[in-house]
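Novice: Below is the file data.txt, with compact mmCIF, C-alpha atoms and all ligand atoms.
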```
# COMPACT_ATOMS: atom_id res chain seq x y z
CA MET A 1247 146.72 -163.10 205.56
CA LYS A 1248 143.22 -163.20 206.96
CA LEU A 1249 140.22 -161.15 205.79
CA ALA A 1250 137.29 -160.69 208.15
CA ILE A 1251 134.09 -160.12 206.16
CA GLY A 1252 130.34 -159.87 206.67
CA ASN A 1253 127.93 -162.32 205.12
CA LYS A 1254 128.24 -162.54 201.38
CA ALA A 1255 124.58 -161.95 200.51
CA TYR A 1256 124.66 -158.39 201.83
CA SER A 1257 128.13 -157.14 202.80
CA SER A 1258 129.01 -154.86 199.92
CA TRP A 1259 132.13 -153.45 201.56
CA SER A 1260 133.45 -156.94 202.25
CA LEU A 1261 133.07 -157.93 198.60
CA ARG A 1262 135.57 -155.25 197.53
CA PRO A 1263 138.87 -156.49 199.01
CA TRP A 1264 137.69 -160.10 198.80
CA ILE A 1265 137.16 -159.98 195.03
CA LEU A 1266 140.30 -157.90 194.58
CA MET A 1267 142.48 -160.54 196.23
CA LYS A 1268 140.69 -163.50 194.64
CA GLY A 1269 140.69 -161.82 191.23
CA LEU A 1270 144.43 -161.16 191.43
CA GLY A 1271 145.26 -164.64 192.78
CA ILE A 1272 146.39 -163.47 196.24
CA ALA A 1273 145.93 -166.22 198.87
CA PHE A 1274 144.12 -165.46 202.14
CA GLU A 1275 141.93 -167.08 204.77
CA GLU A 1276 138.50 -165.65 205.41
CA ASP A 1277 136.65 -165.16 208.69
CA LEU A 1278 132.95 -164.64 208.02
CA ILE A 1279 131.11 -162.67 210.72
CA PRO A 1280 127.35 -162.46 210.08
CA LEU A 1281 125.94 -158.91 210.13
CA ASP A 1282 123.11 -158.00 212.52
CA THR A 1283 123.78 -160.95 214.85
CA PRO A 1284 124.81 -160.85 218.55
CA GLU A 1285 128.20 -162.32 217.68
CA PHE A 1286 129.04 -159.56 215.17
CA ARG A 1287 130.28 -156.78 217.47
CA PRO A 1288 132.38 -158.92 219.87
CA ARG A 1289 134.04 -160.76 216.97
CA VAL A 1290 134.80 -157.51 215.09
CA ASN A 1291 136.06 -155.86 218.29
CA ALA A 1292 138.49 -158.74 218.76
CA TYR A 1293 140.20 -157.48 215.57
CA HIS A 1294 139.89 -153.76 216.31
CA ALA A 1295 137.43 -152.18 218.73
CA GLY A 1296 134.71 -150.17 217.02
CA SER A 1297 135.67 -150.94 213.45
CA THR A 1298 133.58 -152.34 210.63
CA VAL A 1299 134.16 -155.21 208.20
CA PRO A 1300 136.17 -155.79 206.05
CA ILE A 1301 139.33 -156.07 208.16
CA LEU A 1302 142.61 -157.45 206.83
CA VAL A 1303 145.17 -159.00 209.18
CA ASP A 1304 148.68 -159.63 207.91
CA GLY A 1305 151.08 -160.63 210.69
CA ASP A 1306 151.08 -157.74 213.15
CA MET A 1307 149.28 -155.39 210.72
CA THR A 1308 145.53 -154.87 211.10
CA VAL A 1309 143.92 -152.79 208.35
CA TRP A 1310 140.29 -151.74 208.06
CA GLU A 1311 138.52 -149.37 205.61
CA SER A 1312 138.27 -150.88 202.13
CA ILE A 1313 140.39 -148.26 200.32
CA ALA A 1314 143.17 -148.58 202.92
CA ILE A 1315 143.06 -152.39 202.57
CA MET A 1316 143.41 -152.08 198.79
CA ASP A 1317 146.32 -149.68 199.11
CA TYR A 1318 147.98 -152.02 201.61
CA ILE A 1319 147.59 -154.91 199.16
CA ALA A 1320 149.03 -152.73 196.37
CA GLU A 1321 152.13 -152.04 198.48
CA ARG A 1322 152.44 -155.61 199.75
CA PHE A 1323 152.16 -157.13 196.25
CA PRO A 1324 153.79 -154.59 193.89
CA ASP A 1325 153.92 -157.14 191.06
CA LYS A 1326 150.11 -157.58 191.05
CA ALA A 1327 148.99 -154.30 189.40
CA VAL A 1328 146.29 -153.62 191.99
CA TRP A 1329 146.01 -150.16 190.39
CA PRO A 1330 146.70 -149.53 186.67
CA LYS A 1331 150.39 -149.10 185.78
CA ASP A 1332 149.93 -145.97 183.67
CA LEU A 1333 149.86 -142.78 185.79
CA LYS A 1334 146.91 -141.19 184.00
CA ALA A 1335 144.87 -144.40 184.19
CA ARG A 1336 145.92 -145.00 187.80
CA THR A 1337 144.94 -141.49 188.83
CA PHE A 1338 141.52 -141.81 187.21
CA ALA A 1339 141.08 -145.25 188.81
CA ARG A 1340 141.82 -143.74 192.23
CA VAL A 1341 139.52 -140.78 191.60
CA ILE A 1342 136.55 -142.98 190.77
CA ALA A 1343 137.32 -145.44 193.58
CA ASN A 1344 137.29 -142.53 196.03
CA GLU A 1345 134.11 -141.15 194.50
CA MET A 1346 132.55 -144.57 195.09
CA HIS A 1347 133.83 -144.78 198.66
CA ALA A 1348 132.40 -141.38 199.58
CA GLY A 1349 129.26 -141.23 197.51
CA PHE A 1350 126.38 -142.75 195.59
CA ARG A 1351 124.28 -142.71 198.74
CA GLY A 1352 121.04 -142.53 196.74
CA LEU A 1353 121.72 -145.86 195.05
CA ARG A 1354 123.24 -147.43 198.15
CA GLY A 1355 120.32 -146.40 200.35
CA ALA A 1356 117.50 -147.36 197.99
CA CYS A 1357 119.05 -150.52 196.57
CA PRO A 1358 120.95 -152.47 199.25
CA MET A 1359 123.26 -155.19 197.95
CA ASN A 1360 121.59 -158.58 197.75
CA VAL A 1361 123.35 -161.11 195.52
CA ARG A 1362 120.63 -163.74 196.02
CA LYS A 1363 117.70 -161.86 194.48
CA ARG A 1364 116.48 -160.05 191.38
CA TYR A 1365 113.73 -157.47 191.46
CA ALA A 1366 111.65 -156.07 188.60
CA ALA A 1367 112.63 -152.78 186.99
CA MET A 1368 110.73 -149.80 188.40
CA ASP A 1369 111.17 -146.08 188.99
CA ARG A 1370 113.45 -145.91 192.02
CA GLY A 1371 113.45 -142.13 192.31
CA ASP A 1372 115.57 -139.18 191.26
CA LEU A 1373 118.49 -139.82 193.61
CA VAL A 1374 118.98 -143.33 192.23
CA ALA A 1375 118.63 -142.07 188.63
CA LYS A 1376 121.22 -139.35 189.31
CA ASP A 1377 123.70 -141.82 190.79
CA VAL A 1378 123.20 -144.32 187.96
CA ALA A 1379 123.77 -141.58 185.37
CA ARG A 1380 126.99 -140.52 187.12
CA ILE A 1381 128.21 -144.13 187.44
CA SER A 1382 127.46 -144.77 183.74
CA HIS A 1383 129.40 -141.63 182.82
CA LEU A 1384 132.45 -142.68 184.89
CA TRP A 1385 132.43 -146.26 183.60
CA THR A 1386 131.98 -145.14 179.99
CA LYS A 1387 134.92 -142.74 180.33
CA ALA A 1388 137.14 -145.45 181.89
CA LEU A 1389 136.13 -148.10 179.36
CA THR A 1390 136.50 -145.91 176.27
CA GLU A 1391 139.61 -143.94 177.28
CA PHE A 1392 141.58 -146.63 179.11
CA GLY A 1393 139.96 -150.09 179.14
CA LYS A 1394 139.18 -150.82 175.51
CA PRO A 1395 142.22 -149.02 173.99
CA SER A 1396 144.54 -151.05 176.28
CA GLY A 1397 143.28 -154.29 174.70
CA ALA A 1398 144.04 -155.96 178.05
CA GLY A 1399 140.54 -157.15 178.92
CA PRO A 1400 136.92 -156.22 179.50
CA PHE A 1401 137.38 -154.26 182.73
CA LEU A 1402 137.37 -150.50 183.40
CA PHE A 1403 141.11 -150.17 182.79
CA GLY A 1404 141.52 -153.31 180.66
CA ALA A 1405 142.86 -155.83 183.17
CA PHE A 1406 140.98 -156.29 186.48
CA THR A 1407 142.05 -153.71 189.10
CA ALA A 1408 140.96 -152.23 192.42
CA ALA A 1409 138.63 -149.87 190.54
CA ASP A 1410 136.58 -152.86 189.37
CA ALA A 1411 136.65 -154.28 192.90
CA MET A 1412 135.35 -150.98 194.32
CA PHE A 1413 132.46 -150.99 191.86
CA ALA A 1414 131.66 -154.74 192.03
CA PRO A 1415 128.81 -154.17 194.53
CA VAL A 1416 127.43 -151.44 192.25
CA VAL A 1417 127.43 -153.94 189.38
CA THR A 1418 125.44 -156.35 191.55
CA ARG A 1419 122.95 -153.65 192.55
CA LEU A 1420 122.27 -152.64 188.93
CA HIS A 1421 121.70 -156.33 188.20
CA THR A 1422 119.62 -157.15 191.30
CA TYR A 1423 117.30 -154.17 190.81
CA SER A 1424 117.09 -154.58 186.97
CA ILE A 1425 118.16 -150.97 186.47
CA PRO A 1426 118.20 -150.14 182.73
CA VAL A 1427 121.68 -149.36 181.35
CA GLU A 1428 123.37 -148.83 177.97
CA PRO A 1429 124.83 -151.91 176.17
CA LEU A 1430 128.45 -150.86 176.96
CA ILE A 1431 127.61 -150.75 180.68
CA ARG A 1432 125.74 -154.07 180.52
CA SER A 1433 128.67 -155.81 178.82
CA TYR A 1434 131.01 -154.49 181.53
CA MET A 1435 128.58 -155.74 184.20
CA ASP A 1436 128.46 -159.16 182.54
CA ALA A 1437 132.27 -159.36 182.58
CA VAL A 1438 132.34 -158.69 186.35
CA LEU A 1439 129.48 -161.09 187.09
CA ALA A 1440 131.22 -163.84 185.04
CA MET A 1441 134.48 -163.62 187.01
CA PRO A 1442 135.17 -166.98 188.72
CA ALA A 1443 135.79 -165.03 191.94
CA PHE A 1444 132.36 -163.38 191.77
CA VAL A 1445 130.65 -166.68 190.90
CA GLU A 1446 132.32 -168.25 193.98
CA TRP A 1447 131.14 -165.35 196.20
CA GLN A 1448 127.57 -165.56 194.90
CA LYS A 1449 127.41 -169.35 195.31
CA SER A 1450 128.51 -169.06 198.94
CA ALA A 1451 125.92 -166.30 199.47
CA MET A 1452 123.16 -168.64 198.22
CA ALA A 1453 124.15 -171.20 200.87
CA GLU A 1454 124.13 -168.75 203.80
CA PRO A 1455 121.45 -169.25 206.47
CA TRP A 1456 121.10 -165.60 207.56
CA THR A 1457 118.66 -162.96 206.33
CA VAL A 1458 118.39 -159.27 207.24
CA ALA A 1459 115.34 -157.05 207.63
CA HIS A 1460 115.28 -155.52 204.15
CA ASP A 1461 115.37 -158.91 202.46
CA GLU A 1462 111.98 -160.27 201.32
CA VAL A 1463 110.16 -157.32 202.86
CA GLU A 1464 110.29 -154.38 200.51
CA GLU A 1465 109.38 -155.99 197.19
CA PRO A 1466 108.90 -159.49 195.81
CA SER A 1467 111.83 -161.19 194.13
CA ILE A 1468 111.38 -162.02 190.45
CA GLY A 1469 113.86 -164.88 190.72
CA PRO A 1470 117.37 -165.81 191.78
CA PHE A 1471 120.32 -163.55 191.07
CA PHE A 1472 121.56 -165.87 188.32
CA ALA A 1473 118.53 -167.22 186.46
N1 LIG A 1501 133.98 -147.23 205.16
C1 LIG A 1501 133.99 -148.65 205.49
C2 LIG A 1501 132.57 -149.15 205.51
C3 LIG A 1501 132.46 -150.56 206.06
C4 LIG A 1501 131.05 -150.92 206.47
O1 LIG A 1501 130.14 -150.05 206.60
N2 LIG A 1501 130.84 -152.24 206.72
C5 LIG A 1501 129.55 -152.73 207.19
C6 LIG A 1501 129.23 -154.07 206.53
S1 LIG A 1501 129.07 -153.94 204.77
C7 LIG A 1501 129.62 -153.01 208.68
O2 LIG A 1501 130.62 -153.51 209.19
N3 LIG A 1501 128.52 -152.70 209.39
C8 LIG A 1501 128.41 -152.96 210.78
C9 LIG A 1501 128.53 -151.74 211.65
O3 LIG A 1501 128.54 -150.61 211.11
O4 LIG A 1501 128.60 -151.91 212.88
C10 LIG A 1501 134.89 -149.41 204.50
O5 LIG A 1501 135.17 -148.86 203.43
O6 LIG A 1501 135.34 -150.52 204.80
```
Re-express the file's structure as structure tokens.
Ligand SMILES: N[C@@H](CCC(=O)N[C@@H](CS)C(=O)NCC(=O)O)C(=O)O
Specialist:
Amino acid sequence: MKLAIGNKAYSSWSLRPWILMKGLGIAFEEDLIPLDTPEFRPRVNAYHAGSTVPILVDGDMTVWESIAIMDYIAERFPDKAVWPKDLKARTFARVIANEMHAGFRGLRGACPMNVRKRYAAMDRGDLVAKDVARISHLWTKALTEFGKPSGAGPFLFGAFTAADAMFAPVVTRLHTYSIPVEPLIRSYMDAVLAMPAFVEWQKSAMAEPWTVAHDEVEEPSIGPFFA
């Protein structure tokens, strides 16, 4: 399988299927296509005209849209527990993954993913505060009703699943922008950031030569992503 992705510093959608497959030990090749460069559109169009990254290619199947890629992986690797096994947990995992896919535009707009930087805490406005409160509510519900009682691990539903992959770029945003959170949320964030797959992604991002307009411009960094 091959996964076409944007550059790792900024491509939040690409991180989702990438960390899902790495985290579950599913082998794939990657094709990194830097965002906002002249080569981006022709290289993406060679996979599927007009689409965005990430794009998964598996033989004669080409799949784009992060949720569809995750569902394809779930069907292709039924032994991997891409979604939680329990119906109630799986349904809630899908609900919150879909809520992520369709929403949280306040946070996404004001705090673009940047896994190379950390910025000081500051008031980032009501829309960001509203999204962070909603995300904290959803994570707390998953962790307390499904994750912790399962005893299977530190993730939203115990073991690492597609729900964690969907929220991985949210974890990085809360960290990058030093957004204050409750201890339960911080310990979940630390578990995601400590995953070997995430550490590998972040290390590659640090070595990338490209920058985009919002980087370095809006506010000064207070240090690297991992101090
Ligand atoms: N809904 C899509 C969003 C993908 C997306 O917006 N990808 C960005 C990079 S993170 C992209 O390809 N942007 C370039 C463009 O829109 O032309 C998904 O879930 O995969």
Novice: Give as a list in words every residue, naming chains and numbers as the document does, that has an atom within 7 Å of (117.8, -145.0, 184.5), counting all atoms listed in the file.
Specialist: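 All residues meeting the 7 Å criterion around (117.8, -145.0, 184.5) are Ala1375, Val1378, Ala1379, Ile1425, Pro1426 and Val1427 of chain A.
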Novice: Considering only C-alpha atoms, state which residue in the set A:Pro1300, A:Pro1400, A:Pro1330, A:Pro1395 is at the smallest distance from Arg1262 (chain A).
Specialist: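 Closest to Arg1262 (chain A) of all the choices is A:Pro1300.
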Novice: So, counting all atoms listed in the file, which residue among A:Leu1389, A:Ala1443, A:Leu1402, A:Met1412 is closest to ligand LIG 1501 (chain A)?
Specialist: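 Among the listed residues, A:Met1412 lies closest to ligand LIG 1501 (chain A).
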Novice: Provide the CA of Arg1362 (chain A) to CA of Ala1451 (chain A) distance in Å, to one decimal place.
Specialist: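 Spanning CA of Arg1362 (chain A) to CA of Ala1451 (chain A) is a straight-line distance of 6.8 Å.
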Novice: Mind checking which residues fall within 12 Å of Gly1371 (chain A), counting all atoms listed in the file, ignoring those fewer than 5 positions away in the same chain, and posting them as a PyMOL selection string?
Specialist: chain A and resi 1352-1353+1355-1357+1376-1378+1425
Novice: Restrict the calculation to all atoms listed in the file, then for each residue of chain A with any atom at most 6 Å from an atom of ligand LIG 1501 (chain A) give the closest atom pair and their distance in Å to one decimal, rows by chain and rising residue number, as CSV.
Specialist:
```
residue,atom,partner,partner_atom,distance
A:Gly1252,CA,A:LIG1501,C6,5.9
A:Ser1257,CA,A:LIG1501,S1,3.9
A:Ser1258,CA,A:LIG1501,S1,4.9
A:Trp1259,CA,A:LIG1501,S1,4.5
A:Ser1260,CA,A:LIG1501,S1,5.9
A:Thr1298,CA,A:LIG1501,O2,3.5
A:Val1299,CA,A:LIG1501,O2,4.0
A:Pro1300,CA,A:LIG1501,O6,5.5
A:Glu1311,CA,A:LIG1501,O6,3.5
A:Ser1312,CA,A:LIG1501,O5,3.9
```
Novice: For those residues, write C-alpha atoms to a file as a short mmCIF file (atom, residue, chain, number, x, y, z; two decimals), keeping the file's coordinate frame.
Specialist:
```
data_model
loop_
_atom_site.label_atom_id
_atom_site.label_comp_id
_atom_site.auth_asym_id
_atom_site.auth_seq_id
_atom_site.Cartn_x
_atom_site.Cartn_y
_atom_site.Cartn_z
CA GLY A 1252 130.34 -159.87 206.67
CA SER A 1257 128.13 -157.14 202.80
CA SER A 1258 129.01 -154.86 199.92
CA TRP A 1259 132.13 -153.45 201.56
CA SER A 1260 133.45 -156.94 202.25
CA THR A 1298 133.58 -152.34 210.63
CA VAL A 1299 134.16 -155.21 208.20
CA PRO A 1300 136.17 -155.79 206.05
CA GLU A 1311 138.52 -149.37 205.61
CA SER A 1312 138.27 -150.88 202.13
#
```
Novice: What does the distance between CA of Ile1251 (chain A) and CA of Phe1401 (chain A) come to in Å, to one decimal place?
Specialist: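 It comes out at 24.4 Å.
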Novice: Quick one: residues within 12 Å of Thr1390 (chain A), all atoms listed in the file, excluding same-chain residues fewer than 2 positions away - as a PyMOL selection string?
Specialist: chain A and resi 1335+1382-1388+1392-1397+1400-1404+1430-1431+1434
Novice: Pull the neighbourhood of (117.2, -157.9, 197.7) for me: all residues within 6 Å in file coordinates, counting all atoms listed in the file, as an MDAnalysis selection string.
Specialist: chainID A and resid 1360 1363 1461
Novice: Export, as a short mmCIF file (atom, residue, chain, number, x, y, z; two decimals), keeping the file's coordinate frame, the selected residues with C-alpha atoms.
Specialist:
```cif
data_model
loop_
_atom_site.label_atom_id
_atom_site.label_comp_id
_atom_site.auth_asym_id
_atom_site.auth_seq_id
_atom_site.Cartn_x
_atom_site.Cartn_y
_atom_site.Cartn_z
CA ASN A 1360 121.59 -158.58 197.75
CA LYS A 1363 117.70 -161.86 194.48
CA ASP A 1461 115.37 -158.91 202.46
#
```
Novice: In Å, with one decimal, what is the gap from CA of Asn1291 (chain A) to CA of Thr1457 (chain A)?
Specialist: 22.3 Å
Novice: Check the smallest atom-to-atom distance from each of A:Gly1296, A:Gly1349, A:Gly1399, A:Gly1269 to Glu1446 (chain A) using all atoms listed in the file, then report the winner.
Specialist: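 Among the listed residues, A:Gly1269 lies closest to Glu1446 (chain A).
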Novice: For Ala1411 (chain A), which residue out of A:Trp1456, A:Tyr1318, A:Trp1264, A:Phe1472 is the nearest one, using all atoms listed in the file?
Specialist: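 Closest to Ala1411 (chain A), using all atoms listed in the file: A:Trp1264.
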Novice: Would you please work out which residue, of A:Ile1342, A:Pro1358, A:Leu1278, A:Ala1405, is nearest to Ala1459 (chain A) when using only C-alpha atoms?
Specialist: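 Smallest distance to Ala1459 (chain A) is found for A:Pro1358.
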Novice: Quick one: residues within 12 Å of Asp1304 (chain A), only C-alpha atoms, excluding same-chain residues fewer than 5 positions away - as a compact mmCIF listing (two decimals) with C-alpha atoms, in the frame of the given file?
Specialist:
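See selection.txt below for the written result:
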```txt
# COMPACT_ATOMS: atom_id res chain seq x y z
CA MET A 1247 146.72 -163.10 205.56
CA LYS A 1248 143.22 -163.20 206.96
CA LEU A 1249 140.22 -161.15 205.79
CA ALA A 1250 137.29 -160.69 208.15
CA ALA A 1273 145.93 -166.22 198.87
CA PHE A 1274 144.12 -165.46 202.14
CA GLU A 1275 141.93 -167.08 204.77
CA TYR A 1293 140.20 -157.48 215.57
CA VAL A 1309 143.92 -152.79 208.35
CA TRP A 1310 140.29 -151.74 208.06
CA ILE A 1315 143.06 -152.39 202.57
CA TYR A 1318 147.98 -152.02 201.61
CA ILE A 1319 147.59 -154.91 199.16
CA ARG A 1322 152.44 -155.61 199.75
```
Novice: Return the single residue from A:Arg1419, A:Val1361, A:Arg1432, A:Ile1272 that is closest to Gln1448 (chain A), with distances computed using all atoms listed in the file.
Specialist: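 Between A:Arg1419, A:Val1361, A:Arg1432, A:Ile1272, the residue approaching Gln1448 (chain A) most closely is A:Val1361.
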Novice: List the neighbours of Phe1471 (chain A) out to 12 Å using all atoms listed in the file; skip same-chain residues closer than 2 positions along the sequence, and give me the result as a list of chain:residue names.
Specialist: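 Close residues of Phe1471 (chain A): A:Ala1255, A:Met1359, A:Asn1360, A:Val1361, A:Arg1362, A:Lys1363, A:Arg1364, A:Tyr1365, A:Ala1366, A:Thr1418, A:Arg1419, A:Leu1420, A:His1421, A:Thr1422, A:Tyr1423, A:Ser1424, A:Leu1439, A:Val1445, A:Gln1448, A:Lys1449, A:Ala1451, A:Met1452, A:Ser1467, A:Ile1468, A:Gly1469, A:Ala1473.
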Novice: Please supply region 1386-1396 of chain A, rebuilt with all heavy atoms, as a compact mmCIF listing (two decimals), keeping the file's coordinate frame.
Specialist:
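Written output follows (result-v4.txt):
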```
# COMPACT_ATOMS: atom_id res chain seq x y z
N THR A 1386 131.81 -145.33 181.43
CA THR A 1386 131.98 -145.14 179.99
C THR A 1386 133.32 -144.46 179.71
O THR A 1386 134.06 -144.85 178.79
CB THR A 1386 130.81 -144.31 179.42
OG1 THR A 1386 129.61 -145.02 179.68
CG2 THR A 1386 130.95 -144.07 177.93
N LYS A 1387 133.65 -143.45 180.51
CA LYS A 1387 134.92 -142.74 180.33
C LYS A 1387 136.10 -143.71 180.56
O LYS A 1387 137.03 -143.75 179.75
CB LYS A 1387 134.97 -141.56 181.32
CG LYS A 1387 136.14 -140.63 181.13
CD LYS A 1387 135.94 -139.38 182.00
CE LYS A 1387 137.24 -138.61 182.21
NZ LYS A 1387 137.86 -138.11 180.99
N ALA A 1388 136.05 -144.50 181.62
CA ALA A 1388 137.14 -145.45 181.89
C ALA A 1388 137.25 -146.48 180.76
O ALA A 1388 138.34 -146.74 180.24
CB ALA A 1388 136.91 -146.15 183.23
N LEU A 1389 136.11 -147.04 180.38
CA LEU A 1389 136.13 -148.10 179.36
C LEU A 1389 136.61 -147.58 178.00
O LEU A 1389 137.38 -148.26 177.31
CB LEU A 1389 134.73 -148.72 179.21
CG LEU A 1389 134.25 -149.58 180.39
CD1 LEU A 1389 132.74 -149.82 180.29
CD2 LEU A 1389 134.99 -150.91 180.44
N THR A 1390 136.16 -146.39 177.62
CA THR A 1390 136.50 -145.91 176.27
C THR A 1390 137.88 -145.25 176.21
O THR A 1390 138.56 -145.34 175.19
CB THR A 1390 135.43 -144.92 175.73
OG1 THR A 1390 135.28 -143.86 176.67
CG2 THR A 1390 134.10 -145.60 175.52
N GLU A 1391 138.30 -144.61 177.32
CA GLU A 1391 139.61 -143.94 177.28
C GLU A 1391 140.77 -144.83 177.70
O GLU A 1391 141.90 -144.63 177.28
CB GLU A 1391 139.60 -142.69 178.17
CG GLU A 1391 138.77 -141.58 177.57
CD GLU A 1391 138.79 -140.30 178.40
OE1 GLU A 1391 139.75 -140.09 179.17
OE2 GLU A 1391 137.82 -139.54 178.27
N PHE A 1392 140.49 -145.81 178.57
CA PHE A 1392 141.58 -146.63 179.11
C PHE A 1392 141.37 -148.13 178.86
O PHE A 1392 142.29 -148.82 178.43
CB PHE A 1392 141.73 -146.40 180.63
CG PHE A 1392 141.98 -144.97 180.99
CD1 PHE A 1392 140.96 -144.18 181.52
CD2 PHE A 1392 143.23 -144.40 180.78
CE1 PHE A 1392 141.19 -142.85 181.85
CE2 PHE A 1392 143.47 -143.06 181.12
CZ PHE A 1392 142.44 -142.29 181.65
N GLY A 1393 140.20 -148.65 179.17
CA GLY A 1393 139.96 -150.09 179.14
C GLY A 1393 140.07 -150.67 177.75
O GLY A 1393 140.94 -151.51 177.46
N LYS A 1394 139.21 -150.22 176.85
CA LYS A 1394 139.18 -150.82 175.51
C LYS A 1394 140.46 -150.53 174.73
O LYS A 1394 141.04 -151.45 174.15
CB LYS A 1394 137.93 -150.36 174.75
CG LYS A 1394 136.65 -150.71 175.50
CD LYS A 1394 135.59 -151.33 174.64
CE LYS A 1394 134.42 -151.81 175.49
NZ LYS A 1394 134.60 -153.17 175.98
N PRO A 1395 140.98 -149.26 174.74
CA PRO A 1395 142.22 -149.02 173.99
C PRO A 1395 143.40 -149.86 174.49
O PRO A 1395 144.32 -150.16 173.73
CB PRO A 1395 142.49 -147.53 174.22
CG PRO A 1395 141.16 -146.95 174.57
CD PRO A 1395 140.41 -148.02 175.28
N SER A 1396 143.40 -150.27 175.77
CA SER A 1396 144.54 -151.05 176.28
C SER A 1396 144.55 -152.45 175.67
O SER A 1396 145.59 -153.10 175.63
CB SER A 1396 144.46 -151.18 177.81
OG SER A 1396 143.51 -152.16 178.17
```
